[in-house]
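**Q** Supplied structure: data_3.cif, mmCIF, C-alpha atoms and all ligand atoms.
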data_run
loop_
_atom_site.group_PDB
_atom_site.id
_atom_site.type_symbol
_atom_site.label_atom_id
_atom_site.label_comp_id
_atom_site.auth_asym_id
_atom_site.auth_seq_id
_atom_site.Cartn_x
_atom_site.Cartn_y
_atom_site.Cartn_z
ATOM 1 C CA MET M 1 -19.437 -2.094 -12.168
ATOM 2 C CA LYS M 2 -18.254 -5.683 -12.660
ATOM 3 C CA ALA M 3 -15.766 -6.636 -9.970
ATOM 4 C CA ALA M 4 -12.994 -9.259 -9.914
ATOM 5 C CA LEU M 5 -10.914 -10.625 -7.046
ATOM 6 C CA LEU M 6 -7.100 -10.723 -7.054
ATOM 7 C CA ILE M 7 -5.338 -12.654 -4.283
ATOM 8 C CA PRO M 8 -1.546 -12.250 -3.955
ATOM 9 C CA ALA M 9 -0.393 -15.651 -2.660
ATOM 10 C CA ALA M 10 3.048 -15.983 -4.250
ATOM 11 C CA GLY M 11 5.113 -15.283 -1.116
ATOM 12 C CA MET M 12 7.250 -17.968 0.516
ATOM 13 C CA GLY M 13 6.525 -16.920 4.111
ATOM 14 C CA LEU M 14 10.157 -16.620 5.201
ATOM 15 C CA ARG M 15 9.201 -14.999 8.513
ATOM 16 C CA LEU M 16 6.767 -17.823 9.259
ATOM 17 C CA GLY M 17 9.571 -20.325 8.779
ATOM 18 C CA TRP M 18 7.290 -23.092 7.467
ATOM 19 C CA ASP M 19 8.594 -25.514 4.863
ATOM 20 C CA GLY M 20 6.320 -24.485 1.978
ATOM 21 C CA PRO M 21 4.409 -21.494 0.600
ATOM 22 C CA LYS M 22 2.632 -19.628 3.415
ATOM 23 C CA ALA M 23 -0.713 -19.610 1.582
ATOM 24 C CA LEU M 24 -0.918 -23.414 1.885
ATOM 25 C CA VAL M 25 -0.147 -23.650 5.617
ATOM 26 C CA ASP M 26 -2.895 -25.489 7.528
ATOM 27 C CA LEU M 27 -5.445 -23.259 9.252
ATOM 28 C CA GLY M 28 -7.631 -25.625 11.229
ATOM 29 C CA GLY M 29 -8.185 -28.286 8.569
ATOM 30 C CA ALA M 30 -7.913 -26.272 5.350
ATOM 31 C CA PRO M 31 -5.081 -24.384 3.625
ATOM 32 C CA MET M 32 -4.983 -20.715 4.643
ATOM 33 C CA LEU M 33 -5.725 -19.648 1.042
ATOM 34 C CA ALA M 34 -8.950 -21.687 1.008
ATOM 35 C CA VAL M 35 -10.072 -19.982 4.230
ATOM 36 C CA THR M 36 -9.247 -16.581 2.721
ATOM 37 C CA LEU M 37 -11.224 -17.339 -0.458
ATOM 38 C CA SER M 38 -14.222 -18.516 1.595
ATOM 39 C CA ARG M 39 -14.539 -15.019 3.085
ATOM 40 C CA PHE M 40 -15.552 -13.722 -0.369
ATOM 41 C CA ALA M 41 -18.328 -16.279 -0.989
ATOM 42 C CA ALA M 42 -21.109 -13.709 -0.557
ATOM 43 C CA ALA M 43 -19.376 -10.761 -2.257
ATOM 44 C CA ASP M 44 -20.579 -9.341 -5.555
ATOM 45 C CA LEU M 45 -17.652 -10.709 -7.591
ATOM 46 C CA THR M 46 -17.567 -12.282 -11.025
ATOM 47 C CA PRO M 47 -15.370 -15.399 -11.298
ATOM 48 C CA PRO M 48 -12.679 -16.464 -11.870
ATOM 49 C CA ALA M 49 -10.577 -15.072 -9.016
ATOM 50 C CA VAL M 50 -6.943 -14.535 -10.024
ATOM 51 C CA VAL M 51 -4.494 -15.996 -7.482
ATOM 52 C CA THR M 52 -0.754 -15.344 -7.820
ATOM 53 C CA VAL M 53 1.420 -18.326 -6.880
ATOM 54 C CA PRO M 54 5.147 -19.028 -6.591
ATOM 55 C CA PRO M 55 6.750 -19.959 -9.942
ATOM 56 C CA GLY M 56 6.150 -23.594 -10.892
ATOM 57 C CA GLN M 57 3.444 -24.154 -8.237
ATOM 58 C CA ALA M 58 0.189 -23.518 -10.113
ATOM 59 C CA ALA M 59 -0.692 -27.221 -10.262
ATOM 60 C CA ASP M 60 0.063 -27.739 -6.549
ATOM 61 C CA PHE M 61 -2.131 -24.783 -5.596
ATOM 62 C CA ASP M 62 -4.920 -25.976 -7.889
ATOM 63 C CA ARG M 63 -4.843 -29.418 -6.241
ATOM 64 C CA ALA M 64 -4.749 -28.026 -2.703
ATOM 65 C CA VAL M 65 -7.375 -25.302 -3.002
ATOM 66 C CA SER M 66 -9.740 -25.497 -5.996
ATOM 67 C CA ALA M 67 -12.132 -28.074 -4.523
ATOM 68 C CA LEU M 68 -12.492 -25.948 -1.351
ATOM 69 C CA SER M 69 -12.923 -22.583 -3.086
ATOM 70 C CA PRO M 70 -16.420 -21.064 -3.328
ATOM 71 C CA PHE M 71 -15.695 -20.044 -6.964
ATOM 72 C CA PRO M 72 -13.264 -20.954 -9.782
ATOM 73 C CA CYS M 73 -9.701 -19.632 -9.525
ATOM 74 C CA ALA M 74 -7.070 -18.906 -12.188
ATOM 75 C CA PHE M 75 -3.548 -19.504 -10.844
ATOM 76 C CA VAL M 76 -0.960 -17.091 -12.263
ATOM 77 C CA GLU M 77 2.779 -17.049 -11.507
ATOM 78 C CA GLY M 78 3.804 -14.132 -9.294
ATOM 79 C CA GLY M 79 7.064 -12.174 -9.230
ATOM 80 C CA ALA M 80 9.999 -11.531 -6.910
ATOM 81 C CA GLU M 81 8.164 -9.044 -4.645
ATOM 82 C CA ARG M 82 4.486 -8.587 -3.817
ATOM 83 C CA GLN M 83 4.298 -5.550 -6.113
ATOM 84 C CA ASP M 84 5.519 -7.656 -9.077
ATOM 85 C CA SER M 85 2.962 -10.358 -8.265
ATOM 86 C CA VAL M 86 0.107 -7.838 -8.123
ATOM 87 C CA LEU M 87 1.045 -6.353 -11.499
ATOM 88 C CA ALA M 88 1.183 -9.860 -13.037
ATOM 89 C CA GLY M 89 -2.236 -10.530 -11.506
ATOM 90 C CA LEU M 90 -3.728 -7.250 -12.740
ATOM 91 C CA GLU M 91 -2.550 -8.022 -16.263
ATOM 92 C CA SER M 92 -4.267 -11.448 -16.086
ATOM 93 C CA LEU M 93 -7.700 -10.264 -14.914
ATOM 94 C CA PRO M 94 -10.741 -11.238 -16.973
ATOM 95 C CA ASP M 95 -11.677 -8.742 -19.718
ATOM 96 C CA PHE M 96 -14.939 -7.695 -18.054
ATOM 97 C CA THR M 97 -13.164 -6.250 -14.991
ATOM 98 C CA GLU M 98 -14.076 -2.657 -14.061
ATOM 99 C CA LEU M 99 -13.364 -2.858 -10.325
ATOM 100 C CA VAL M 100 -10.699 -5.032 -8.679
ATOM 101 C CA VAL M 101 -10.524 -6.153 -5.059
ATOM 102 C CA ILE M 102 -6.966 -7.028 -3.978
ATOM 103 C CA HIS M 103 -6.655 -9.097 -0.809
ATOM 104 C CA ASP M 104 -3.624 -10.887 0.638
ATOM 105 C CA ALA M 105 -3.914 -14.650 1.103
ATOM 106 C CA ALA M 106 -2.152 -13.983 4.429
ATOM 107 C CA ARG M 107 -5.278 -12.284 5.916
ATOM 108 C CA PRO M 108 -7.648 -15.263 6.216
ATOM 109 C CA LEU M 109 -10.008 -13.771 8.820
ATOM 110 C CA VAL M 110 -11.362 -10.746 6.949
ATOM 111 C CA SER M 111 -15.101 -10.307 7.492
ATOM 112 C CA PRO M 112 -17.704 -10.127 4.710
ATOM 113 C CA ASP M 113 -18.779 -6.722 6.137
ATOM 114 C CA THR M 114 -15.269 -5.351 5.613
ATOM 115 C CA VAL M 115 -15.229 -6.684 2.031
ATOM 116 C CA ARG M 116 -18.576 -5.038 1.305
ATOM 117 C CA ALA M 117 -17.521 -1.717 2.866
ATOM 118 C CA VAL M 118 -14.293 -1.393 0.869
ATOM 119 C CA MET M 119 -16.030 -2.333 -2.393
ATOM 120 C CA ASP M 120 -18.762 0.256 -1.776
ATOM 121 C CA ALA M 121 -16.114 2.901 -1.025
ATOM 122 C CA ALA M 122 -14.195 2.105 -4.213
ATOM 123 C CA ARG M 123 -17.364 2.224 -6.314
ATOM 124 C CA ALA M 124 -18.149 5.673 -4.914
ATOM 125 C CA HIS M 125 -14.612 7.054 -4.730
ATOM 126 C CA GLY M 126 -12.402 5.148 -7.220
ATOM 127 C CA ALA M 127 -9.892 3.801 -4.687
ATOM 128 C CA ALA M 128 -10.153 2.565 -1.108
ATOM 129 C CA THR M 129 -8.213 0.555 1.433
ATOM 130 C CA VAL M 130 -9.047 -1.057 4.711
ATOM 131 C CA ALA M 131 -6.887 0.288 7.540
ATOM 132 C CA LEU M 132 -6.979 0.506 11.319
ATOM 133 C CA PRO M 133 -6.116 3.496 13.551
ATOM 134 C CA VAL M 134 -2.959 2.493 15.462
ATOM 135 C CA THR M 135 -3.096 2.082 19.217
ATOM 136 C CA ASP M 136 0.665 1.923 19.840
ATOM 137 C CA THR M 137 2.716 5.097 19.660
ATOM 138 C CA ILE M 138 4.919 4.684 16.550
ATOM 139 C CA LEU M 139 8.609 5.635 16.715
ATOM 140 C CA GLN M 140 10.611 6.494 13.639
ATOM 141 C CA ALA M 141 14.240 5.429 14.069
ATOM 142 C CA ASP M 142 17.381 6.858 12.552
ATOM 143 C CA GLY M 143 19.860 4.445 10.956
ATOM 144 C CA ALA M 144 21.472 3.570 14.307
ATOM 145 C CA GLU M 145 18.436 2.376 16.286
ATOM 146 C CA CYS M 146 17.998 5.712 18.025
ATOM 147 C CA LEU M 147 14.746 7.653 18.098
ATOM 148 C CA ALA M 148 14.535 10.178 15.274
ATOM 149 C CA GLU M 149 10.930 11.332 15.598
ATOM 150 C CA THR M 150 7.489 10.435 16.891
ATOM 151 C CA PRO M 151 4.688 11.040 14.353
ATOM 152 C CA ASP M 152 1.348 12.293 15.691
ATOM 153 C CA ARG M 153 -0.538 9.075 16.512
ATOM 154 C CA SER M 154 -3.961 10.600 15.971
ATOM 155 C CA ARG M 155 -3.333 10.600 12.202
ATOM 156 C CA LEU M 156 -1.693 7.167 11.882
ATOM 157 C CA TRP M 157 -3.492 4.118 10.478
ATOM 158 C CA ALA M 158 -2.082 0.625 9.968
ATOM 159 C CA CYS M 159 -2.643 -0.533 6.394
ATOM 160 C CA GLN M 160 -4.591 -3.750 5.751
ATOM 161 C CA THR M 161 -6.207 -5.421 2.784
ATOM 162 C CA PRO M 162 -8.667 -5.693 1.059
ATOM 163 C CA GLN M 163 -7.998 -2.687 -1.132
ATOM 164 C CA ALA M 164 -10.369 -1.964 -4.022
ATOM 165 C CA PHE M 165 -9.889 0.161 -7.118
ATOM 166 C CA ARG M 166 -11.347 1.078 -10.454
ATOM 167 C CA LEU M 167 -9.154 -1.009 -12.740
ATOM 168 C CA ASP M 168 -7.970 1.963 -14.823
ATOM 169 C CA ILE M 169 -6.697 3.729 -11.670
ATOM 170 C CA ILE M 170 -4.682 0.855 -10.262
ATOM 171 C CA LEU M 171 -3.295 -0.331 -13.607
ATOM 172 C CA ASP M 172 -2.122 3.197 -14.381
ATOM 173 C CA ALA M 173 -0.511 3.459 -10.919
ATOM 174 C CA HIS M 174 1.308 0.118 -11.232
ATOM 175 C CA ARG M 175 2.565 0.860 -14.735
ATOM 176 C CA ARG M 176 3.848 4.243 -13.573
ATOM 177 C CA ALA M 177 5.537 2.541 -10.622
ATOM 178 C CA ARG M 178 7.306 0.157 -13.008
ATOM 179 C CA ARG M 179 8.481 3.040 -15.203
ATOM 180 C CA GLU M 180 9.608 5.256 -12.307
ATOM 181 C CA GLY M 181 11.028 2.523 -10.050
ATOM 182 C CA TRP M 182 8.661 3.135 -7.107
ATOM 183 C CA ARG M 183 8.796 0.191 -4.646
ATOM 184 C CA VAL M 184 6.101 -0.093 -1.966
ATOM 185 C CA THR M 185 4.365 -2.849 0.014
ATOM 186 C CA ASP M 186 0.724 -2.094 -0.824
ATOM 187 C CA ASP M 187 -1.311 -0.887 -3.778
ATOM 188 C CA ALA M 188 -3.211 2.035 -2.247
ATOM 189 C CA THR M 189 0.116 3.804 -1.734
ATOM 190 C CA LEU M 190 0.818 3.526 -5.474
ATOM 191 C CA ALA M 191 -2.616 4.927 -6.335
ATOM 192 C CA ARG M 192 -1.964 7.859 -3.990
ATOM 193 C CA ARG M 193 1.513 8.454 -5.429
ATOM 194 C CA ALA M 194 -0.001 8.479 -8.922
ATOM 195 C CA GLY M 195 -2.254 11.322 -7.774
ATOM 196 C CA HIS M 196 -5.494 9.564 -6.840
ATOM 197 C CA SER M 197 -7.443 10.086 -3.638
ATOM 198 C CA VAL M 198 -7.799 6.896 -1.559
ATOM 199 C CA ARG M 199 -10.609 6.469 0.952
ATOM 200 C CA LEU M 200 -9.742 4.780 4.268
ATOM 201 C CA VAL M 201 -12.264 2.199 5.486
ATOM 202 C CA ARG M 202 -11.998 1.132 9.125
ATOM 203 C CA GLY M 203 -10.971 -2.525 9.516
ATOM 204 C CA THR M 204 -10.879 -4.905 12.484
ATOM 205 C CA GLN M 205 -8.121 -6.446 14.589
ATOM 206 C CA GLU M 206 -9.317 -9.922 13.570
ATOM 207 C CA ASN M 207 -8.173 -9.122 10.023
ATOM 208 C CA LEU M 208 -4.560 -9.718 11.087
ATOM 209 C CA LYS M 209 -1.809 -10.643 8.629
ATOM 210 C CA VAL M 210 -0.282 -14.037 9.332
ATOM 211 C CA THR M 211 3.415 -13.186 9.228
ATOM 212 C CA THR M 212 5.149 -14.820 12.230
ATOM 213 C CA PRO M 213 4.549 -18.127 14.074
ATOM 214 C CA PHE M 214 2.803 -16.095 16.797
ATOM 215 C CA ASP M 215 0.343 -14.669 14.235
ATOM 216 C CA LEU M 216 -0.429 -18.196 13.053
ATOM 217 C CA ARG M 217 -1.177 -19.329 16.635
ATOM 218 C CA LEU M 218 -3.462 -16.347 17.080
ATOM 219 C CA ALA M 219 -5.254 -16.928 13.753
ATOM 220 C CA LEU M 220 -5.801 -20.610 14.620
ATOM 221 C CA ARG M 221 -7.376 -19.644 17.954
ATOM 222 C CA LEU M 222 -9.601 -16.992 16.403
ATOM 223 C CA ARG M 223 -10.725 -19.454 13.751
ATOM 224 C CA ARG M 224 -11.508 -22.065 16.390
ATOM 225 C CA GLU M 225 -13.545 -19.444 18.315
ATOM 226 C CA GLU M 226 -15.484 -18.568 15.159
ATOM 227 C CA ARG M 227 -16.468 -22.178 14.611
ATOM 228 C CA GLN M 228 -17.650 -22.823 18.185
HETATM 229 N N1 LIG M 301 3.180 -12.066 -2.028
HETATM 230 C C1 LIG M 301 3.135 -12.306 -3.398
HETATM 231 N N2 LIG M 301 4.312 -12.301 -4.123
HETATM 232 C C2 LIG M 301 5.484 -12.088 -3.510
HETATM 233 C C3 LIG M 301 5.546 -11.817 -2.129
HETATM 234 C C4 LIG M 301 4.363 -11.806 -1.400
HETATM 235 O O1 LIG M 301 2.060 -12.530 -3.958
HETATM 236 N N3 LIG M 301 6.600 -12.118 -4.259
HETATM 237 C C5 LIG M 301 1.930 -12.129 -1.247
HETATM 238 C C6 LIG M 301 2.005 -13.133 -0.091
HETATM 239 O O2 LIG M 301 1.701 -14.441 -0.562
HETATM 240 C C7 LIG M 301 1.011 -12.590 0.913
HETATM 241 C C8 LIG M 301 1.020 -11.077 0.637
HETATM 242 O O3 LIG M 301 1.694 -10.883 -0.603
HETATM 243 O O4 LIG M 301 -0.296 -13.100 0.728
HETATM 244 C C9 LIG M 301 1.696 -10.302 1.763
HETATM 245 O O5 LIG M 301 3.061 -10.682 1.844
HETATM 246 P P1 LIG M 301 3.804 -11.190 3.151
HETATM 247 O O6 LIG M 301 2.869 -11.261 4.300
HETATM 248 O O7 LIG M 301 5.093 -10.469 3.249
HETATM 249 O O8 LIG M 301 4.065 -12.756 2.768
HETATM 250 P P2 LIG M 301 5.436 -13.436 2.346
HETATM 251 O O9 LIG M 301 6.174 -12.559 1.403
HETATM 252 O O10 LIG M 301 5.058 -14.819 1.910
HETATM 253 O O11 LIG M 301 6.185 -13.533 3.764
HETATM 254 P P3 LIG M 301 7.715 -13.120 4.101
HETATM 255 O O12 LIG M 301 7.834 -11.669 3.727
HETATM 256 O O13 LIG M 301 7.838 -13.408 5.560
HETATM 257 O O14 LIG M 301 8.574 -14.041 3.237
HETATM 258 MG MG MG M 302 6.883 -10.604 2.087
#
Written as structure tokens, how would this file's structure read?
Ligand code: CTP
Ligand code: MG
**A**
Amino acid sequence: MKAALLIPAAGMGLRLGWDGPKALVDLGGAPMLAVTLSRFAAADLTPPAVVTVPPGQAADFDRAVSALSPFPCAFVEGGAERQDSVLAGLESLPDFTELVVIHDAARPLVSPDTVRAVMDAARAHGAATVALPVTDTILQADGAECLAETPDRSRLWACQTPQAFRLDIILDAHRRARREGWRVTDDATLARRAGHSVRLVRGTQENLKVTTPFDLRLALRLRREERQ
């Protein structure tokens, strides 16, 4: 099955509070997106990778990242929300694509082993996501910041990327979502809602999502550790 890579990178990083798109923030000498792309250097992927970018910024991204990327990238304008960006990216994938790996630019420390494991699971199963069993007890609040209920922690996993899918499955799920007005924050949830089974593949804590300034500090330290 020929596989392609899709990197949503069109967010503005409002919670990070940096003056520019989050994917281009410096992560120890290179833009975060370049670090993220480097994690896929050894994966069985056919170029180009499709990268969604904020409207009007394709040339800036190309300048900042292409020379550092292990393979050619096609920069495609994203949409208002992540889900819109992913659909735009899916519709721009190269014609050969049978399997797609979707990975957020904001998770620059994913390991090659995790990439391989989720791709293998999707090849065998049709749809798979990386996720991590939660260690905190999760509280569901009512609308007034009071405790409504406490779901059984032993069945809770925190969702990560990469997620990998047979292209027909994830395109069908996204198109249904557009028709029915489903709004979610990851793609595996859409595949599940469209009736597909999704395999969970155990991730790592290092594969954190850079969302807040604290996450960026942590990612910088982990990256420094890796390079020592
Ligand atoms: N993303 C995207 N298109 C959007 C919004 C987000 O491609 N319209 C991408 C981001 O670039 C990121 C991933 O989806 O790689 C996960 O999103 P998130 O961590 O929420 O990033 P931002 O939306 O940039 O951050 P914030 O929500 O704080 O503004
Ligand atoms: Mg966001």
**Q** For this file, the PyMOL selection byres (((chain M and resi 205) around 10) and not hetatm) selects which residues, as number ranges by chain?
**A** M: 109-110, 131-132, 160, 203-204, 206-209
**Q** At a cut-off of 10 Å, can you tabulate as a Markdown table every residue of chain M near ligand MG 302 (chain M) together with its closest atom pair and the distance in Å to one decimal, using all atoms listed in the file and ordering rows by chain then number?
**A**
| residue | atom | partner | partner_atom | distance |
| --- | --- | --- | --- | --- |
| M:Ala10 | CA | M:MG302 | MG | 9.2 |
| M:Gly11 | CA | M:MG302 | MG | 5.9 |
| M:Met12 | CA | M:MG302 | MG | 7.5 |
| M:Gly13 | CA | M:MG302 | MG | 6.6 |
| M:Leu14 | CA | M:MG302 | MG | 7.5 |
| M:Arg15 | CA | M:MG302 | MG | 8.1 |
| M:Ala80 | CA | M:MG302 | MG | 9.6 |
| M:Glu81 | CA | M:MG302 | MG | 7.0 |
| M:Arg82 | CA | M:MG302 | MG | 6.7 |
| M:Gln83 | CA | M:MG302 | MG | 10.0 |
| M:Ala106 | CA | M:MG302 | MG | 9.9 |
| M:Thr185 | CA | M:MG302 | MG | 8.4 |
| M:Thr211 | CA | M:MG302 | MG | 8.3 |
**Q** Could you dump the residues just selected with C-alpha atoms as a tab-separated table (two decimals), keeping the file's coordinate frame?
**A**
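Once written, selection-v3.tsv looks like this:
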chain	number	residue	atom	x	y	z
M	10	ALA	CA	3.05	-15.98	-4.25
M	11	GLY	CA	5.11	-15.28	-1.12
M	12	MET	CA	7.25	-17.97	0.52
M	13	GLY	CA	6.52	-16.92	4.11
M	14	LEU	CA	10.16	-16.62	5.20
M	15	ARG	CA	9.20	-15.00	8.51
M	80	ALA	CA	10.00	-11.53	-6.91
M	81	GLU	CA	8.16	-9.04	-4.64
M	82	ARG	CA	4.49	-8.59	-3.82
M	83	GLN	CA	4.30	-5.55	-6.11
M	106	ALA	CA	-2.15	-13.98	4.43
M	185	THR	CA	4.36	-2.85	0.01
M	211	THR	CA	3.42	-13.19	9.23
**Q** Mind checking which residues fall within 9 Å of region 48-55 of chain M, counting only C-alpha atoms, ignoring those fewer than 6 positions away in the same chain, and posting them as number ranges by chain?
**A** M: 4-12, 21, 23, 37, 61, 71-80, 85-86, 88-90, 92-94, 105
**Q** For Thr161 (chain M), please output as number ranges by chain all residues within 8 Å (counting only C-alpha atoms; exclusion window: fewer than 4 positions along the same chain).
**A** M: 102-104, 107, 129-131
**Q** With distances taken over all atoms listed in the file, which of M:Arg63, M:Lys2, M:Arg178, M:Lys22 is nearest to ligand LIG 301 (chain M)?
**A** M:Lys22
**Q** Looking at M:Pro162, M:Gly17, M:Arg116, M:Ala41, which one is nearest to ligand LIG 301 (chain M), with distances taken over all atoms listed in the file?
**A**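 Nearest candidate to ligand LIG 301 (chain M) out of M:Pro162, M:Gly17, M:Arg116, M:Ala41: M:Gly17.
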**Q** Just give me the gap between CA of Arg176 (chain M) and CA of Thr97 (chain M) in Å, one decimal is fine.
**A**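 Between CA of Arg176 (chain M) and CA of Thr97 (chain M) the gap is 20.0 Å.
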**Q** Counting all atoms listed in the file, which residue out of M:Ala59, M:Val210, M:Ala141, M:Ile170 sits closest to ligand LIG 301 (chain M)?
**A** M:Val210
**Q** How would you write, as a PDB file with C-alpha atoms, keeping the file's coordinate frame, the residues chosen by the PyMOL selection byres (((chain M and resi 26-30) around 12) and not hetatm) on this structure?
**A**
ATOM      1  CA  TRP M  18       7.290 -23.092   7.467  1.00  0.00           C
ATOM      2  CA  ASP M  19       8.594 -25.514   4.863  1.00  0.00           C
ATOM      3  CA  GLY M  20       6.320 -24.485   1.978  1.00  0.00           C
ATOM      4  CA  PRO M  21       4.409 -21.494   0.600  1.00  0.00           C
ATOM      5  CA  LYS M  22       2.632 -19.628   3.415  1.00  0.00           C
ATOM      6  CA  ALA M  23      -0.713 -19.610   1.582  1.00  0.00           C
ATOM      7  CA  LEU M  24      -0.918 -23.414   1.885  1.00  0.00           C
ATOM      8  CA  VAL M  25      -0.147 -23.650   5.617  1.00  0.00           C
ATOM      9  CA  PRO M  31      -5.081 -24.384   3.625  1.00  0.00           C
ATOM     10  CA  MET M  32      -4.983 -20.715   4.643  1.00  0.00           C
ATOM     11  CA  LEU M  33      -5.725 -19.648   1.042  1.00  0.00           C
ATOM     12  CA  ALA M  34      -8.950 -21.687   1.008  1.00  0.00           C
ATOM     13  CA  VAL M  35     -10.072 -19.982   4.230  1.00  0.00           C
ATOM     14  CA  THR M  36      -9.247 -16.581   2.721  1.00  0.00           C
ATOM     15  CA  LEU M  37     -11.224 -17.339  -0.458  1.00  0.00           C
ATOM     16  CA  SER M  38     -14.222 -18.516   1.595  1.00  0.00           C
ATOM     17  CA  ALA M  64      -4.749 -28.026  -2.703  1.00  0.00           C
ATOM     18  CA  VAL M  65      -7.375 -25.302  -3.002  1.00  0.00           C
ATOM     19  CA  SER M  66      -9.740 -25.497  -5.996  1.00  0.00           C
ATOM     20  CA  ALA M  67     -12.132 -28.074  -4.523  1.00  0.00           C
ATOM     21  CA  LEU M  68     -12.492 -25.948  -1.351  1.00  0.00           C
ATOM     22  CA  SER M  69     -12.923 -22.583  -3.086  1.00  0.00           C
ATOM     23  CA  ALA M 105      -3.914 -14.650   1.103  1.00  0.00           C
ATOM     24  CA  ALA M 106      -2.152 -13.983   4.429  1.00  0.00           C
ATOM     25  CA  ARG M 107      -5.278 -12.284   5.916  1.00  0.00           C
ATOM     26  CA  PRO M 108      -7.648 -15.263   6.216  1.00  0.00           C
ATOM     27  CA  LEU M 109     -10.008 -13.771   8.820  1.00  0.00           C
ATOM     28  CA  VAL M 210      -0.282 -14.037   9.332  1.00  0.00           C
ATOM     29  CA  ASP M 215       0.343 -14.669  14.235  1.00  0.00           C
ATOM     30  CA  LEU M 216      -0.429 -18.196  13.053  1.00  0.00           C
ATOM     31  CA  ARG M 217      -1.177 -19.329  16.635  1.00  0.00           C
ATOM     32  CA  LEU M 218      -3.462 -16.347  17.080  1.00  0.00           C
ATOM     33  CA  ALA M 219      -5.254 -16.928  13.753  1.00  0.00           C
ATOM     34  CA  LEU M 220      -5.801 -20.610  14.620  1.00  0.00           C
ATOM     35  CA  ARG M 221      -7.376 -19.644  17.954  1.00  0.00           C
ATOM     36  CA  LEU M 222      -9.601 -16.992  16.403  1.00  0.00           C
ATOM     37  CA  ARG M 223     -10.725 -19.454  13.751  1.00  0.00           C
ATOM     38  CA  ARG M 224     -11.508 -22.065  16.390  1.00  0.00           C
ATOM     39  CA  GLU M 225     -13.545 -19.444  18.315  1.00  0.00           C
ATOM     40  CA  GLU M 226     -15.484 -18.568  15.159  1.00  0.00           C
ATOM     41  CA  ARG M 227     -16.468 -22.178  14.611  1.00  0.00           C
TER      42      ARG M 227
END
